[in-house]
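To start, the structure under review is shown below, and the notes come after it.
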Amino acid sequence: MEQSSGRGARIGILMGSQSDWAKMEKAAEALKQFEVPCEMLVLSAHRLPDRVAEYARQAEARGLQILIAGAGMANHLAGALAANCTLPVIGVPLSGGALNGVDALYATVQMPKGVPVATVAIDGAANAAYLAVEIMALQDEPLRARLKALRQAERAKLEAALVEQTPHVQEVAR
Ligand code: RP5
């Protein structure tokens, strides 16, 4: 396991179990292309509730700007973090267990008024990172430029693929 505790981290990526690591690593990978420093940590809301609260309470003072939290089944990690800080918290419901992530989706998304968790799709860790970057880019001009450049590059790649496909499409249509 590579537990990264980031000095200078702007985003904290947390997960309920070591078994969630591979799925949550997708968030770190997505952040890498934007050069946004992050830290990754396994902290269970049920097994280590005091540590979760402590982490959330100290997060802002440590320079973290957004927390991303993923867990499966009775996912209370994102909610427990949101309850203990006012940073934006993005929840990632993870697949697994008898209900394969639908339970975690409901547990993550149904937060009480005033204590929101922005919830992405089941196993949507990469999108949690993109959303975090979009929020941070509001106040960060170079990051905004990187975000727009990446979108543009992806669009250009798809446009190019479309042009390559065109003769084939015409062939089929004939
Ligand atoms: C959740 O239960 C964890 O986030 C994980 O997705 C799932 C299974 O956890 P382990 O039993 O592998 O620790 O709380």
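For the structure tokens, the naming scheme is as follows: chains receive sequential letters (A, B, ...) according to their order of presentation, residues are indexed from 1 within each chain, and ligands are indexed from 1 in presentation order.
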>> Just want the residues within 8 Å of ligand 1, written as a PyMOL selection string, counting only C-alpha atoms and all ligand atoms.
In response: chain A and resi 15-20+44-46+70-75+94-97
Can you write just those residues out, N, CA and C atoms, as a CSV table (one decimal), in the first residue's frame?
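out.csv written:
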chain,number,residue,atom,x,y,z
A,15,MET,N,-10.8,6.8,2.1
A,15,MET,CA,-11.6,5.7,1.7
A,15,MET,C,-11.8,4.8,3.0
A,16,GLY,N,-12.9,4.1,3.0
A,16,GLY,CA,-13.2,3.3,4.2
A,16,GLY,C,-12.4,2.1,4.5
A,17,SER,N,-11.8,1.6,3.4
A,17,SER,CA,-11.0,0.3,3.6
A,17,SER,C,-9.9,0.2,2.6
A,18,GLN,N,-8.9,-0.5,3.0
A,18,GLN,CA,-7.7,-0.8,2.1
A,18,GLN,C,-8.2,-1.4,0.8
A,19,SER,N,-9.3,-2.2,0.9
A,19,SER,CA,-9.9,-2.8,-0.3
A,19,SER,C,-10.5,-1.8,-1.3
A,20,ASP,N,-10.6,-0.6,-0.9
A,20,ASP,CA,-11.1,0.5,-1.8
A,20,ASP,C,-10.0,1.2,-2.6
A,44,SER,N,-11.8,4.6,8.3
A,44,SER,CA,-13.2,4.1,8.3
A,44,SER,C,-14.1,4.9,9.3
A,45,ALA,N,-15.2,5.4,8.8
A,45,ALA,CA,-16.2,6.1,9.6
A,45,ALA,C,-16.7,5.3,10.8
A,46,HIS,N,-16.8,4.0,10.5
A,46,HIS,CA,-17.3,3.1,11.6
A,46,HIS,C,-16.3,2.5,12.5
A,70,GLY,N,-14.6,7.9,-0.5
A,70,GLY,CA,-15.2,6.8,-1.1
A,70,GLY,C,-15.3,5.6,-0.1
A,71,ALA,N,-16.5,5.0,-0.1
A,71,ALA,CA,-16.7,3.8,0.7
A,71,ALA,C,-17.8,3.0,0.1
A,72,GLY,N,-17.8,1.7,0.4
A,72,GLY,CA,-18.9,0.9,-0.1
A,72,GLY,C,-20.0,0.6,1.0
A,73,MET,N,-21.0,-0.1,0.7
A,73,MET,CA,-22.1,-0.5,1.5
A,73,MET,C,-22.7,0.7,2.4
A,74,ALA,N,-22.6,0.5,3.7
A,74,ALA,CA,-23.2,1.6,4.5
A,74,ALA,C,-22.2,2.8,4.6
A,75,ASN,N,-22.1,3.5,3.4
A,75,ASN,CA,-21.0,4.5,3.3
A,75,ASN,C,-21.4,5.7,4.1
A,94,LEU,N,-19.1,3.2,-3.6
A,94,LEU,CA,-18.3,2.2,-4.2
A,94,LEU,C,-19.1,0.9,-4.3
A,95,SER,N,-18.8,0.2,-5.4
A,95,SER,CA,-19.5,-1.1,-5.7
A,95,SER,C,-19.0,-2.1,-4.7
A,96,GLY,N,-19.8,-3.2,-4.6
A,96,GLY,CA,-19.4,-4.3,-3.7
A,96,GLY,C,-20.5,-4.7,-2.8
A,97,GLY,N,-20.4,-5.8,-2.1
A,97,GLY,CA,-21.4,-6.2,-1.2
A,97,GLY,C,-22.7,-6.7,-1.9
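The residues of region 2-144 of chain A that DSSP assigns to strand (DSSP E) on this backbone come out as Ile11, Gly12, Ile13, Leu14, Met15, Cys38, Glu39, Met40, Leu41, Val42, Ile66, Leu67, Ile68, Ala69, Gly70, Ala71, Gly72, Val89, Ile90, Gly91, Val92, Pro93, Leu94, Ala118 and Thr119 of chain A.
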Closest contacts (region 11-87 of chain A/region 108-125 of chain A, max 10 Å, only C-alpha atoms) as a Markdown table:
| residue | atom | partner | partner_atom | distance |
| --- | --- | --- | --- | --- |
| A:Ile13 | CA | A:Ala125 | CA | 9.5 |
| A:Asp20 | CA | A:Asp123 | CA | 9.8 |
| A:Lys23 | CA | A:Asp123 | CA | 6.6 |
| A:Met24 | CA | A:Ala125 | CA | 5.6 |
| A:Glu25 | CA | A:Ala125 | CA | 7.7 |
| A:Lys26 | CA | A:Ala125 | CA | 5.8 |
| A:Ala27 | CA | A:Ala125 | CA | 4.9 |
| A:Ala28 | CA | A:Ala125 | CA | 8.6 |
| A:Glu29 | CA | A:Ala125 | CA | 9.7 |
| A:Ala30 | CA | A:Ala125 | CA | 8.8 |
| A:Leu67 | CA | A:Val117 | CA | 9.9 |
| A:Ile68 | CA | A:Ala125 | CA | 8.2 |
| A:Ala69 | CA | A:Ala125 | CA | 8.8 |
| A:Gly70 | CA | A:Ala125 | CA | 7.6 |
| A:Ala71 | CA | A:Thr108 | CA | 8.9 |
| A:Gly72 | CA | A:Ile122 | CA | 9.2 |
| A:Met73 | CA | A:Thr108 | CA | 9.8 |
| A:Ala74 | CA | A:Thr108 | CA | 8.5 |
| A:Asn75 | CA | A:Thr108 | CA | 6.1 |
| A:His76 | CA | A:Thr108 | CA | 6.7 |
| A:Leu77 | CA | A:Thr108 | CA | 8.3 |
| A:Ala78 | CA | A:Val117 | CA | 6.7 |
| A:Gly79 | CA | A:Val117 | CA | 6.6 |
| A:Ala80 | CA | A:Val115 | CA | 9.8 |
| A:Leu81 | CA | A:Val117 | CA | 9.2 |
| A:Ala82 | CA | A:Val115 | CA | 6.2 |
| A:Ala83 | CA | A:Val115 | CA | 6.4 |
| A:Asn84 | CA | A:Val115 | CA | 9.4 |
| A:Cys85 | CA | A:Val115 | CA | 9.3 |
| A:Thr86 | CA | A:Val115 | CA | 8.4 |
Write the selection just made, keeping C-alpha atoms, as a PDB file, in the first residue's frame?
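Dumped everything to selection.pdb:
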ATOM      1  CA  ILE A  13      -8.744  11.448  -0.813  1.00  0.00           C
ATOM      2  CA  ASP A  20     -11.137   0.466  -1.782  1.00  0.00           C
ATOM      3  CA  LYS A  23     -10.965   2.300  -7.100  1.00  0.00           C
ATOM      4  CA  MET A  24     -10.040   5.508  -5.266  1.00  0.00           C
ATOM      5  CA  GLU A  25      -6.630   5.697  -6.881  1.00  0.00           C
ATOM      6  CA  LYS A  26      -8.443   6.778 -10.055  1.00  0.00           C
ATOM      7  CA  ALA A  27      -9.078  10.116  -8.345  1.00  0.00           C
ATOM      8  CA  ALA A  28      -5.368  10.600  -7.645  1.00  0.00           C
ATOM      9  CA  GLU A  29      -4.546   9.661 -11.242  1.00  0.00           C
ATOM     10  CA  ALA A  30      -6.991  12.239 -12.575  1.00  0.00           C
ATOM     11  CA  LEU A  67     -12.200  16.255   0.502  1.00  0.00           C
ATOM     12  CA  ILE A  68     -13.068  13.256  -1.671  1.00  0.00           C
ATOM     13  CA  ALA A  69     -14.378  10.243   0.219  1.00  0.00           C
ATOM     14  CA  GLY A  70     -15.226   6.791  -1.086  1.00  0.00           C
ATOM     15  CA  ALA A  71     -16.654   3.767   0.661  1.00  0.00           C
ATOM     16  CA  GLY A  72     -18.932   0.861  -0.053  1.00  0.00           C
ATOM     17  CA  MET A  73     -22.084  -0.518   1.542  1.00  0.00           C
ATOM     18  CA  ALA A  74     -23.212   1.643   4.523  1.00  0.00           C
ATOM     19  CA  ASN A  75     -21.036   4.507   3.308  1.00  0.00           C
ATOM     20  CA  HIS A  76     -20.955   7.116   6.051  1.00  0.00           C
ATOM     21  CA  LEU A  77     -17.432   8.374   5.480  1.00  0.00           C
ATOM     22  CA  ALA A  78     -18.270  11.368   3.285  1.00  0.00           C
ATOM     23  CA  GLY A  79     -21.135  12.356   5.582  1.00  0.00           C
ATOM     24  CA  ALA A  80     -19.007  12.040   8.704  1.00  0.00           C
ATOM     25  CA  LEU A  81     -16.376  14.313   7.140  1.00  0.00           C
ATOM     26  CA  ALA A  82     -19.000  16.835   6.039  1.00  0.00           C
ATOM     27  CA  ALA A  83     -20.394  16.877   9.565  1.00  0.00           C
ATOM     28  CA  ASN A  84     -17.033  17.971  10.923  1.00  0.00           C
ATOM     29  CA  CYS A  85     -15.877  20.651   8.473  1.00  0.00           C
ATOM     30  CA  THR A  86     -17.175  23.235   6.032  1.00  0.00           C
TER      31      THR A  86
END
> So which bits of region 55-94 of chain A end up helix (DSSP H, G or I) when you DSSP the backbone, as an MDAnalysis selection string?
Replying inline: chainID A and resid 55:59 77:83
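Using only C-alpha atoms for every distance, the candidate list A:Val133, A:Arg57, A:Val42, A:Ala104 yields A:Val133 as the residue closest to Leu150 (chain A).
A straight line drawn from CA of Glu134 (chain A) to CA of Pro88 (chain A) is 12.1 Å long.
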>> Using only C-alpha atoms, which protein or nucleic acid residues come within 12 Å of region 141-148 of chain A? Drop anything in the same chain fewer than 3 positions from it, and give the result as a PyMOL selection string.
In response: chain A and resi 30-36+129-138+151-155
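We find CA of Asp103 (chain A) and CA of Pro49 (chain A) to be spaced 20.1 Å apart.
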>> At a cut-off of 8 Å, using only C-alpha atoms, what residues contact Ala9 (chain A)? Leave out same-chain residues fewer than 6 positions from it and give the result as number ranges by chain.
In response: A: 36-39, 63-64
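Our summary of the geometry notes that CA of Gly12 (chain A) is positioned 11.8 Å from CA of Gly91 (chain A).
In this comparison, which uses only C-alpha atoms, the residue of A:Val92, A:Gln65, A:Met40, A:Thr166 approaching Gln139 (chain A) most closely is A:Gln65.
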